[in-house]
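Visitor: What follows is target.json; its format and atoms are JSON, C-alpha atoms and all ligand atoms.
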```json
[["chain", "number", "residue", "atom", "x", "y", "z"],
["A", 1, "MET", "CA", -11.75, -51.16, -38.91],
["A", 2, "ILE", "CA", -11.19, -52.85, -35.55],
["A", 3, "ASP", "CA", -13.28, -55.83, -34.39],
["A", 4, "LEU", "CA", -13.56, -55.63, -30.61],
["A", 5, "TYR", "CA", -14.63, -58.78, -28.72],
["A", 6, "THR", "CA", -15.98, -57.41, -25.51],
["A", 7, "TRP", "CA", -18.49, -57.25, -22.67],
["A", 8, "PRO", "CA", -19.43, -54.31, -20.37],
["A", 9, "THR", "CA", -16.96, -55.13, -17.56],
["A", 10, "PRO", "CA", -14.09, -52.97, -16.25],
["A", 11, "ASN", "CA", -11.61, -54.67, -18.61],
["A", 12, "GLY", "CA", -13.96, -54.18, -21.55],
["A", 13, "HIS", "CA", -14.59, -50.54, -20.67],
["A", 14, "LYS", "CA", -10.86, -49.79, -20.80],
["A", 15, "ILE", "CA", -10.88, -50.49, -24.53],
["A", 16, "HIS", "CA", -14.27, -48.83, -25.13],
["A", 17, "ILE", "CA", -12.82, -45.66, -23.56],
["A", 18, "MET", "CA", -9.61, -45.82, -25.61],
["A", 19, "LEU", "CA", -11.49, -46.34, -28.88],
["A", 20, "GLU", "CA", -13.91, -43.51, -28.11],
["A", 21, "GLU", "CA", -11.06, -41.20, -27.03],
["A", 22, "THR", "CA", -9.02, -41.87, -30.17],
["A", 23, "GLY", "CA", -11.98, -41.90, -32.58],
["A", 24, "LEU", "CA", -10.85, -45.16, -34.26],
["A", 25, "PRO", "CA", -13.81, -46.90, -35.92],
["A", 26, "TYR", "CA", -14.75, -50.24, -34.32],
["A", 27, "ASN", "CA", -17.29, -53.06, -34.47],
["A", 28, "VAL", "CA", -18.52, -54.43, -31.16],
["A", 29, "ILE", "CA", -18.73, -58.23, -31.06],
["A", 30, "PRO", "CA", -20.37, -59.20, -27.75],
["A", 31, "ILE", "CA", -18.71, -62.02, -25.79],
["A", 32, "ASP", "CA", -21.37, -62.89, -23.24],
["A", 33, "ILE", "CA", -19.19, -64.38, -20.51],
["A", 34, "ASN", "CA", -22.27, -65.39, -18.50],
["A", 35, "LYS", "CA", -23.47, -67.58, -21.37],
["A", 36, "GLY", "CA", -20.01, -69.06, -22.13],
["A", 37, "ASP", "CA", -19.14, -67.28, -25.41],
["A", 38, "GLN", "CA", -15.53, -67.09, -24.13],
["A", 39, "PHE", "CA", -15.17, -70.86, -24.66],
["A", 40, "GLU", "CA", -16.16, -70.85, -28.35],
["A", 41, "PRO", "CA", -13.30, -72.39, -30.40],
["A", 42, "GLU", "CA", -13.11, -69.38, -32.77],
["A", 43, "PHE", "CA", -12.77, -66.97, -29.83],
["A", 44, "LEU", "CA", -10.15, -69.19, -28.15],
["A", 45, "LYS", "CA", -7.98, -68.96, -31.28],
["A", 46, "LEU", "CA", -7.81, -65.21, -30.64],
["A", 47, "SER", "CA", -7.89, -65.26, -26.83],
["A", 48, "PRO", "CA", -6.45, -68.55, -25.51],
["A", 49, "ASN", "CA", -6.99, -67.52, -21.85],
["A", 50, "ASN", "CA", -10.81, -67.48, -22.47],
["A", 51, "LYS", "CA", -11.16, -63.86, -21.43],
["A", 52, "MET", "CA", -12.36, -60.69, -23.09],
["A", 53, "PRO", "CA", -11.38, -58.12, -24.30],
["A", 54, "ALA", "CA", -9.64, -59.16, -27.49],
["A", 55, "MET", "CA", -9.40, -57.41, -30.85],
["A", 56, "VAL", "CA", -8.52, -57.79, -34.49],
["A", 57, "ASP", "CA", -7.20, -54.73, -36.28],
["A", 58, "HIS", "CA", -7.92, -55.35, -39.98],
["A", 59, "ASP", "CA", -5.41, -52.61, -40.79],
["A", 60, "GLY", "CA", -2.63, -53.97, -38.56],
["A", 61, "PRO", "CA", 1.16, -53.81, -39.04],
["A", 62, "GLY", "CA", 2.03, -54.14, -42.73],
["A", 63, "GLY", "CA", -1.63, -53.52, -43.59],
["A", 64, "LYS", "CA", -2.51, -57.08, -42.46],
["A", 65, "PRO", "CA", -5.08, -58.23, -39.86],
["A", 66, "TYR", "CA", -3.57, -58.36, -36.39],
["A", 67, "GLY", "CA", -5.13, -60.01, -33.32],
["A", 68, "LEU", "CA", -4.39, -59.31, -29.65],
["A", 69, "PHE", "CA", -5.70, -60.32, -26.23],
["A", 70, "GLU", "CA", -4.91, -58.76, -22.77],
["A", 71, "SER", "CA", -6.33, -55.28, -22.21],
["A", 72, "GLY", "CA", -2.96, -53.72, -21.31],
["A", 73, "ALA", "CA", -1.38, -54.94, -24.55],
["A", 74, "ILE", "CA", -4.41, -53.70, -26.54],
["A", 75, "LEU", "CA", -4.16, -50.25, -24.90],
["A", 76, "MET", "CA", -0.43, -50.03, -25.70],
["A", 77, "TYR", "CA", -1.06, -51.13, -29.29],
["A", 78, "LEU", "CA", -3.81, -48.55, -29.82],
["A", 79, "ALA", "CA", -1.67, -45.83, -28.20],
["A", 80, "GLU", "CA", 1.20, -46.64, -30.55],
["A", 81, "LYS", "CA", -1.11, -46.86, -33.58],
["A", 82, "THR", "CA", -2.65, -43.44, -32.93],
["A", 83, "GLY", "CA", 0.22, -41.65, -31.15],
["A", 84, "LYS", "CA", -2.25, -40.75, -28.36],
["A", 85, "PHE", "CA", -2.34, -41.23, -24.57],
["A", 86, "MET", "CA", 1.23, -42.55, -24.26],
["A", 87, "ALA", "CA", 4.23, -40.25, -24.45],
["A", 88, "ALA", "CA", 6.84, -40.83, -27.17],
["A", 89, "GLU", "CA", 9.88, -39.82, -25.11],
["A", 90, "THR", "CA", 11.45, -42.73, -23.16],
["A", 91, "ALA", "CA", 11.26, -41.43, -19.57],
["A", 92, "ALA", "CA", 7.67, -40.24, -19.93],
["A", 93, "ARG", "CA", 6.64, -43.38, -21.84],
["A", 94, "TYR", "CA", 7.89, -45.68, -19.09],
["A", 95, "ARG", "CA", 6.10, -43.56, -16.49],
["A", 96, "VAL", "CA", 2.88, -44.45, -18.37],
["A", 97, "ILE", "CA", 3.89, -48.13, -18.68],
["A", 98, "GLN", "CA", 4.79, -48.27, -14.97],
["A", 99, "TRP", "CA", 1.30, -47.14, -13.88],
["A", 100, "LEU", "CA", -0.33, -49.32, -16.54],
["A", 101, "MET", "CA", 1.53, -52.36, -15.11],
["A", 102, "PHE", "CA", 0.47, -51.31, -11.61],
["A", 103, "GLN", "CA", -3.13, -51.54, -12.81],
["A", 104, "MET", "CA", -2.65, -54.81, -14.72],
["A", 105, "GLY", "CA", -0.67, -56.62, -12.01],
["A", 106, "GLY", "CA", -2.14, -54.99, -8.89],
["A", 107, "ILE", "CA", -5.46, -53.23, -9.13],
["A", 108, "GLY", "CA", -7.12, -55.54, -11.68],
["A", 109, "PRO", "CA", -6.35, -58.91, -10.05],
["A", 110, "LEU", "CA", -6.76, -57.75, -6.43],
["A", 111, "PHE", "CA", -9.93, -55.70, -6.94],
["A", 112, "GLY", "CA", -11.23, -58.69, -8.92],
["A", 113, "GLN", "CA", -10.63, -60.98, -5.93],
["A", 114, "ALA", "CA", -12.29, -58.41, -3.63],
["A", 115, "HIS", "CA", -15.36, -58.56, -5.90],
["A", 116, "HIS", "CA", -15.22, -62.35, -5.91],
["A", 117, "PHE", "CA", -15.06, -62.93, -2.18],
["A", 118, "ARG", "CA", -17.31, -59.99, -1.21],
["A", 119, "GLN", "CA", -20.06, -60.64, -3.83],
["A", 120, "TYR", "CA", -19.72, -63.87, -5.77],
["A", 121, "ALA", "CA", -18.35, -66.63, -3.48],
["A", 122, "PRO", "CA", -20.86, -69.30, -2.40],
["A", 123, "GLU", "CA", -22.86, -68.59, 0.72],
["A", 124, "GLY", "CA", -22.32, -70.63, 3.87],
["A", 125, "LEU", "CA", -18.50, -70.58, 3.85],
["A", 126, "ASP", "CA", -16.34, -68.76, 6.39],
["A", 127, "LEU", "CA", -14.84, -66.12, 4.10],
["A", 128, "THR", "CA", -13.62, -63.77, 6.83],
["A", 129, "TYR", "CA", -9.92, -64.16, 6.05],
["A", 130, "ALA", "CA", -10.36, -63.80, 2.27],
["A", 131, "VAL", "CA", -12.76, -60.85, 2.57],
["A", 132, "ASP", "CA", -10.42, -59.05, 5.01],
["A", 133, "ARG", "CA", -7.37, -59.80, 2.90],
["A", 134, "TYR", "CA", -8.76, -58.43, -0.37],
["A", 135, "THR", "CA", -10.67, -55.53, 1.18],
["A", 136, "ASN", "CA", -7.46, -54.47, 2.95],
["A", 137, "GLU", "CA", -5.40, -54.87, -0.21],
["A", 138, "ALA", "CA", -7.93, -52.80, -2.18],
["A", 139, "GLY", "CA", -7.67, -50.08, 0.48],
["A", 140, "ARG", "CA", -3.88, -50.20, 0.37],
["A", 141, "LEU", "CA", -3.94, -49.83, -3.43],
["A", 142, "TYR", "CA", -6.40, -46.90, -3.22],
["A", 143, "GLY", "CA", -3.89, -45.35, -0.79],
["A", 144, "VAL", "CA", -1.11, -45.70, -3.38],
["A", 145, "LEU", "CA", -3.35, -44.08, -6.01],
["A", 146, "ASP", "CA", -4.38, -41.30, -3.64],
["A", 147, "ARG", "CA", -0.80, -40.40, -2.73],
["A", 148, "ARG", "CA", 0.24, -40.37, -6.39],
["A", 149, "LEU", "CA", -2.78, -38.26, -7.38],
["A", 150, "GLY", "CA", -1.91, -35.83, -4.57],
["A", 151, "GLU", "CA", 1.30, -34.98, -6.43],
["A", 152, "ALA", "CA", 0.22, -35.36, -10.09],
["A", 153, "GLU", "CA", -2.99, -34.54, -11.94],
["A", 154, "TYR", "CA", -3.07, -37.95, -13.63],
["A", 155, "LEU", "CA", -1.18, -41.15, -12.83],
["A", 156, "ALA", "CA", 1.66, -40.58, -15.29],
["A", 157, "GLY", "CA", 1.39, -36.76, -15.20],
["A", 158, "GLU", "CA", -0.82, -36.29, -18.26],
["A", 159, "TYR", "CA", -4.03, -38.23, -19.03],
["A", 160, "SER", "CA", -2.87, -41.56, -20.49],
["A", 161, "ILE", "CA", -3.68, -45.23, -21.00],
["A", 162, "ALA", "CA", -2.69, -45.75, -17.34],
["A", 163, "ASP", "CA", -5.72, -43.67, -16.26],
["A", 164, "ILE", "CA", -7.89, -45.29, -18.94],
["A", 165, "ALA", "CA", -6.97, -48.74, -17.53],
["A", 166, "THR", "CA", -7.50, -47.78, -13.88],
["A", 167, "PHE", "CA", -10.68, -45.67, -13.98],
["A", 168, "PRO", "CA", -13.18, -48.46, -14.84],
["A", 169, "TRP", "CA", -12.05, -50.51, -11.81],
["A", 170, "THR", "CA", -12.62, -47.60, -9.43],
["A", 171, "ARG", "CA", -16.28, -47.18, -10.46],
["A", 172, "SER", "CA", -17.24, -50.07, -8.18],
["A", 173, "HIS", "CA", -15.25, -48.93, -5.12],
["A", 174, "ASP", "CA", -18.22, -49.69, -2.85],
["A", 175, "ARG", "CA", -18.14, -53.33, -3.98],
["A", 176, "GLN", "CA", -14.46, -53.37, -2.98],
["A", 177, "GLY", "CA", -15.46, -52.12, 0.47],
["A", 178, "HIS", "CA", -14.25, -48.50, 0.16],
["A", 179, "GLY", "CA", -15.62, -44.98, -0.24],
["A", 180, "PHE", "CA", -13.94, -42.05, -1.95],
["A", 181, "ASP", "CA", -14.32, -39.95, 1.22],
["A", 182, "GLU", "CA", -11.17, -41.80, 2.38],
["A", 183, "PHE", "CA", -9.35, -40.87, -0.85],
["A", 184, "PRO", "CA", -10.02, -37.23, -1.90],
["A", 185, "ASN", "CA", -7.36, -37.16, -4.62],
["A", 186, "VAL", "CA", -8.85, -40.27, -6.21],
["A", 187, "GLN", "CA", -12.26, -38.58, -6.06],
["A", 188, "ARG", "CA", -10.94, -35.47, -7.88],
["A", 189, "TRP", "CA", -9.27, -37.64, -10.57],
["A", 190, "PHE", "CA", -12.36, -39.87, -10.90],
["A", 191, "ASP", "CA", -14.68, -36.88, -11.40],
["A", 192, "ALA", "CA", -12.41, -35.41, -14.10],
["A", 193, "ILE", "CA", -12.34, -38.67, -16.09],
["A", 194, "ASP", "CA", -16.03, -39.43, -15.54],
["A", 195, "ALA", "CA", -16.91, -36.02, -17.07],
["A", 196, "ARG", "CA", -15.10, -36.70, -20.36],
["A", 197, "PRO", "CA", -17.58, -37.06, -23.27],
["A", 198, "ALA", "CA", -15.66, -40.04, -24.73],
["A", 199, "VAL", "CA", -15.87, -41.82, -21.37],
["A", 200, "LYS", "CA", -19.62, -41.20, -21.17],
["A", 201, "ARG", "CA", -20.05, -42.70, -24.65],
["A", 202, "ALA", "CA", -17.78, -45.66, -23.82],
["A", 203, "LEU", "CA", -19.70, -46.60, -20.69],
["A", 204, "LYS", "CA", -22.84, -47.02, -22.80],
["A", 205, "VAL", "CA", -21.27, -49.80, -24.94],
["A", 206, "LEU", "CA", -23.39, -52.95, -24.38],
["A", 207, "ALA", "CA", -24.80, -51.34, -21.20],
["A", 208, "ASP", "CA", -28.20, -52.85, -21.95],
["A", 209, "ARG", "CA", -26.68, -56.38, -21.94],
["A", 210, "ARG", "CA", -25.31, -56.23, -18.37],
["A", 211, "LYS", "CA", -27.67, -57.94, -15.95],
["A", 212, "PRO", "CA", -27.45, -56.98, -12.27],
["A", 213, "GLY", "CA", -27.38, -60.06, -10.05],
["A", 214, "PHE", "CA", -25.87, -62.33, -12.76],
["A", 215, "GLU", "CA", -23.88, -64.04, -9.98],
["A", 216, "LYS", "CA", -27.08, -65.69, -8.72],
["A", 217, "ASP", "CA", -27.66, -67.34, -12.12],
["A", 218, "ALA", "CA", -26.58, -71.02, -12.18],
["A", 219, "GLU", "CA", -25.44, -70.92, -15.83],
["A", 220, "ALA", "CA", -23.35, -67.77, -15.25],
["A", 221, "ARG", "CA", -21.77, -69.28, -12.12],
["A", 222, "ARG", "CA", -20.89, -72.48, -14.00],
["A", 223, "ASN", "CA", -19.29, -70.45, -16.81],
["A", 224, "LEU", "CA", -17.45, -67.93, -14.68],
["A", 225, "PHE", "CA", -16.51, -69.79, -11.51],
["A", 226, "GLY", "CA", -17.41, -73.46, -12.06],
["A", 227, "GLU", "CA", -16.60, -76.47, -14.18],
["A", 228, "ALA", "CA", -16.78, -74.66, -17.55],
["A", 229, "GLN", "CA", -13.52, -72.93, -16.59],
["A", 230, "TYR", "CA", -11.64, -76.24, -16.17],
["A", 231, "GLN", "CA", -13.10, -78.61, -18.75],
["A", 232, "ARG", "CA", -10.33, -77.79, -21.29],
["A", 233, "ARG", "CA", -7.50, -78.52, -18.82],
["B", 1, "LIG", "N1", -5.82, -59.69, -17.70],
["B", 1, "LIG", "C1", -6.99, -59.74, -18.56],
["B", 1, "LIG", "C2", -8.21, -59.98, -17.70],
["B", 1, "LIG", "C3", -9.48, -60.06, -18.53],
["B", 1, "LIG", "C4", -10.63, -60.61, -17.70],
["B", 1, "LIG", "O1", -10.47, -60.94, -16.52],
["B", 1, "LIG", "N2", -11.80, -60.72, -18.34],
["B", 1, "LIG", "C5", -12.95, -61.30, -17.65],
["B", 1, "LIG", "C6", -14.09, -60.32, -17.52],
["B", 1, "LIG", "S1", -13.58, -58.74, -16.86],
["B", 1, "LIG", "C7", -13.44, -62.48, -18.47],
["B", 1, "LIG", "O2", -13.39, -62.48, -19.68],
["B", 1, "LIG", "N3", -13.91, -63.51, -17.77],
["B", 1, "LIG", "C8", -14.44, -64.68, -18.40],
["B", 1, "LIG", "C9", -13.78, -65.93, -17.89],
["B", 1, "LIG", "O3", -12.94, -65.86, -16.98],
["B", 1, "LIG", "O4", -14.12, -67.00, -18.40],
["B", 1, "LIG", "C10", -7.12, -58.43, -19.31],
["B", 1, "LIG", "O5", -6.81, -57.41, -18.71],
["B", 1, "LIG", "O6", -7.52, -58.44, -20.49]]
```
What do you get writing this file as structure tokens?
Ligand SMILES: N[C@@H](CCC(=O)N[C@@H](CS)C(=O)NCC(=O)O)C(=O)O
Guide:
Amino acid sequence: MIDLYTWPTPNGHKIHIMLEETGLPYNVIPIDINKGDQFEPEFLKLSPNNKMPAMVDHDGPGGKPYGLFESGAILMYLAEKTGKFMAAETAARYRVIQWLMFQMGGIGPLFGQAHHFRQYAPEGLDLTYAVDRYTNEAGRLYGVLDRRLGEAEYLAGEYSIADIATFPWTRSHDRQGHGFDEFPNVQRWFDAIDARPAVKRALKVLADRRKPGFEKDAEARRNLFGEAQYQRR
């Protein structure tokens, strides 16, 4: 059994999708990042960067419990454990890892900053430069995806953990300032993944706990963007 510490965000949904796709049994342990669960000492032992997702596989290597944080590492671990969604042969495996790293180092952080400056930053500041910078970067990254998906059905050729990592971030393309009409290959790829039964099940995990407009809540702002983030420094 896998204990998954999670919340219904794009990074959480990556792991919900992988677990639903592989059929591995899992317990959901909610980490309400708006309420500050990510700063609980027990959680920090598992995830020292105070972020979800994190997991403990009670049947880890050698049959012992094994903990991991960072969604990309968790996806690679689950792919290796099940032999699914990452090729075994070296050239094909690194094609998957290459597009997974593109998501982890490019799409995740830059789309995240687009969300921050377009939706969450305090009102009354001149954010023009930051909004332009991250909206443009998001558009550039969608262009990279679109060109790749014009030559391959999925990012690494076959459906893999690279697609599983990228898809949840593209669900909120409007919040990043872009429409799929600009990116028809991304639209085709998105529709194919969105139609998968495992993906539909995964997107329901903790769906009832996600509150629209959380960014207006003072406690959530303190936990996510304010002093709670820095009090352990
Ligand atoms: N690189 C990390 C990013 C995880 C991440 O940013 N998680 C966010 C929510 S999507 C979080 O836990 N935020 C709470 C906080 O920053 O305190 C991963 O991919 O696992």
Visitor: Might you pull out every residue within 9 Å of A:Ser71, with only C-alpha atoms counted and same-chain residues fewer than 4 positions away left off, and present them as JSON, numbers by chain?
Guide: {"A": [11, 12, 14, 15, 52, 53, 54, 75, 76, 104, 165]}
Visitor: Would you write out those residues with C-alpha atoms, as a CSV table (one decimal), in the frame of the given file?
Guide:
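File written: out27.csv
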```csv
chain,number,residue,atom,x,y,z
A,11,ASN,CA,-11.6,-54.7,-18.6
A,12,GLY,CA,-14.0,-54.2,-21.6
A,14,LYS,CA,-10.9,-49.8,-20.8
A,15,ILE,CA,-10.9,-50.5,-24.5
A,52,MET,CA,-12.4,-60.7,-23.1
A,53,PRO,CA,-11.4,-58.1,-24.3
A,54,ALA,CA,-9.6,-59.2,-27.5
A,75,LEU,CA,-4.2,-50.2,-24.9
A,76,MET,CA,-0.4,-50.0,-25.7
A,104,MET,CA,-2.6,-54.8,-14.7
A,165,ALA,CA,-7.0,-48.7,-17.5
```
Visitor: Quick one: residues within 7 Å of stretch 136-147 of chain A, all atoms listed in the file, excluding same-chain residues fewer than 2 positions away - as a list in words?
Guide: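 Non-adjacent residues within range: Ile107, Leu110, Phe111, Asp132, Arg133, Tyr134, Leu149, Gly150, Glu151, Gln176, His178, Phe183, Asn185 and Val186 of chain A.
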Visitor: Quick one: of A:Asp37, A:Asp194, A:Asp3, A:Asp181, who's nearest to A:Pro65, counting all atoms listed in the file?
Guide: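 Nearest candidate to A:Pro65 out of A:Asp37, A:Asp194, A:Asp3, A:Asp181: A:Asp3.
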Visitor: Which residue out of A:Arg95, A:Arg118, A:Arg233, A:Lys200 has the minimum interatomic distance to A:Tyr154 when only C-alpha atoms are used?
Guide: A:Arg95
Visitor: Write out as a ChimeraX atom specification which residues come within 12 Å of stretch 207-216 of chain A when counting only C-alpha atoms, dropping same-chain ones fewer than 5 positions away.
Guide: /A:6-10,12-13,16,30-35,115-123,200-202,221-226
Visitor: I need the residue nearest ligand LIG 1 (chain B) from this list: A:Phe190, A:Tyr66, A:Phe85, A:Tyr230. Use all atoms listed in the file for the distance.
Guide: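 Looking only at the distances to ligand LIG 1 (chain B), the closest residue turns out to be A:Tyr230.
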Visitor: Copy stretch 59-148 of chain A out of the block into a file, keeping C-alpha atoms, as a JSON list (two decimals), in the first residue's frame.
Guide:
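As a result, result10.json now contains:
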```
[["chain", "number", "residue", "atom", "x", "y", "z"],
["A", 59, "ASP", "CA", 6.41, -2.20, 0.13],
["A", 60, "GLY", "CA", 9.49, -0.29, -1.02],
["A", 61, "PRO", "CA", 12.91, -1.62, -2.09],
["A", 62, "GLY", "CA", 13.84, -4.67, -0.01],
["A", 63, "GLY", "CA", 10.23, -4.88, 1.19],
["A", 64, "LYS", "CA", 10.82, -1.88, 3.52],
["A", 65, "PRO", "CA", 8.91, 1.43, 3.73],
["A", 66, "TYR", "CA", 10.36, 4.01, 1.36],
["A", 67, "GLY", "CA", 9.57, 7.75, 1.35],
["A", 68, "LEU", "CA", 9.97, 10.22, -1.51],
["A", 69, "PHE", "CA", 9.16, 13.86, -2.28],
["A", 70, "GLU", "CA", 9.28, 15.70, -5.69],
["A", 71, "SER", "CA", 6.61, 14.65, -8.17],
["A", 72, "GLY", "CA", 9.09, 13.81, -10.96],
["A", 73, "ALA", "CA", 11.02, 11.44, -8.69],
["A", 74, "ILE", "CA", 7.75, 9.84, -7.51],
["A", 75, "LEU", "CA", 6.63, 9.31, -11.13],
["A", 76, "MET", "CA", 9.96, 7.70, -12.04],
["A", 77, "TYR", "CA", 9.82, 5.48, -8.96],
["A", 78, "LEU", "CA", 6.27, 4.30, -9.71],
["A", 79, "ALA", "CA", 7.17, 3.72, -13.39],
["A", 80, "GLU", "CA", 10.13, 1.58, -12.36],
["A", 81, "LYS", "CA", 8.09, -0.27, -9.72],
["A", 82, "THR", "CA", 5.33, -1.19, -12.17],
["A", 83, "GLY", "CA", 7.26, -1.32, -15.47],
["A", 84, "LYS", "CA", 4.64, 1.05, -16.94],
["A", 85, "PHE", "CA", 4.74, 4.44, -18.72],
["A", 86, "MET", "CA", 8.54, 4.58, -19.05],
["A", 87, "ALA", "CA", 10.40, 2.55, -21.64],
["A", 88, "ALA", "CA", 13.03, 0.03, -20.50],
["A", 89, "GLU", "CA", 15.43, 0.50, -23.42],
["A", 90, "THR", "CA", 18.01, 3.28, -22.84],
["A", 91, "ALA", "CA", 17.33, 5.59, -25.81],
["A", 92, "ALA", "CA", 13.57, 5.47, -25.34],
["A", 93, "ARG", "CA", 13.85, 5.79, -21.55],
["A", 94, "TYR", "CA", 15.90, 8.98, -21.79],
["A", 95, "ARG", "CA", 13.42, 10.39, -24.30],
["A", 96, "VAL", "CA", 10.82, 10.05, -21.52],
["A", 97, "ILE", "CA", 13.19, 11.50, -18.89],
["A", 98, "GLN", "CA", 14.07, 14.41, -21.19],
["A", 99, "TRP", "CA", 10.42, 15.50, -21.54],
["A", 100, "LEU", "CA", 9.78, 14.83, -17.85],
["A", 101, "MET", "CA", 12.68, 17.18, -16.97],
["A", 102, "PHE", "CA", 11.29, 19.74, -19.42],
["A", 103, "GLN", "CA", 8.08, 19.68, -17.40],
["A", 104, "MET", "CA", 9.80, 19.73, -14.00],
["A", 105, "GLY", "CA", 12.34, 22.45, -14.82],
["A", 106, "GLY", "CA", 10.34, 24.49, -17.36],
["A", 107, "ILE", "CA", 6.60, 24.12, -17.47],
["A", 108, "GLY", "CA", 5.98, 23.60, -13.74],
["A", 109, "PRO", "CA", 8.01, 26.55, -12.38],
["A", 110, "LEU", "CA", 7.18, 29.00, -15.19],
["A", 111, "PHE", "CA", 3.46, 28.22, -15.42],
["A", 112, "GLY", "CA", 3.44, 28.45, -11.62],
["A", 113, "GLN", "CA", 4.89, 31.97, -11.79],
["A", 114, "ALA", "CA", 2.35, 32.88, -14.50],
["A", 115, "HIS", "CA", -0.41, 31.79, -12.11],
["A", 116, "HIS", "CA", 1.21, 33.74, -9.28],
["A", 117, "PHE", "CA", 1.59, 37.07, -11.03],
["A", 118, "ARG", "CA", -1.63, 36.83, -13.07],
["A", 119, "GLN", "CA", -3.91, 35.64, -10.20],
["A", 120, "TYR", "CA", -2.33, 35.66, -6.76],
["A", 121, "ALA", "CA", 0.01, 38.68, -6.43],
["A", 122, "PRO", "CA", -1.24, 41.54, -4.22],
["A", 123, "GLU", "CA", -3.36, 44.18, -5.89],
["A", 124, "GLY", "CA", -2.05, 47.71, -6.33],
["A", 125, "LEU", "CA", 1.44, 46.81, -7.59],
["A", 126, "ASP", "CA", 2.70, 47.45, -11.11],
["A", 127, "LEU", "CA", 3.04, 43.85, -12.28],
["A", 128, "THR", "CA", 3.24, 44.58, -16.00],
["A", 129, "TYR", "CA", 6.79, 43.31, -16.46],
["A", 130, "ALA", "CA", 6.25, 40.13, -14.43],
["A", 131, "VAL", "CA", 2.89, 39.36, -16.06],
["A", 132, "ASP", "CA", 4.33, 39.89, -19.56],
["A", 133, "ARG", "CA", 7.43, 37.87, -18.77],
["A", 134, "TYR", "CA", 5.61, 34.78, -17.49],
["A", 135, "THR", "CA", 2.71, 34.95, -19.95],
["A", 136, "ASN", "CA", 5.25, 35.13, -22.80],
["A", 137, "GLU", "CA", 7.30, 32.28, -21.35],
["A", 138, "ALA", "CA", 4.16, 30.15, -20.97],
["A", 139, "GLY", "CA", 3.33, 30.84, -24.63],
["A", 140, "ARG", "CA", 6.86, 29.97, -25.70],
["A", 141, "LEU", "CA", 6.66, 26.66, -23.78],
["A", 142, "TYR", "CA", 3.24, 25.85, -25.33],
["A", 143, "GLY", "CA", 4.95, 26.47, -28.69],
["A", 144, "VAL", "CA", 7.64, 23.90, -27.84],
["A", 145, "LEU", "CA", 4.94, 21.39, -26.84],
["A", 146, "ASP", "CA", 2.90, 22.11, -29.97],
["A", 147, "ARG", "CA", 5.84, 21.58, -32.32],
["A", 148, "ARG", "CA", 6.78, 18.32, -30.58]]
```
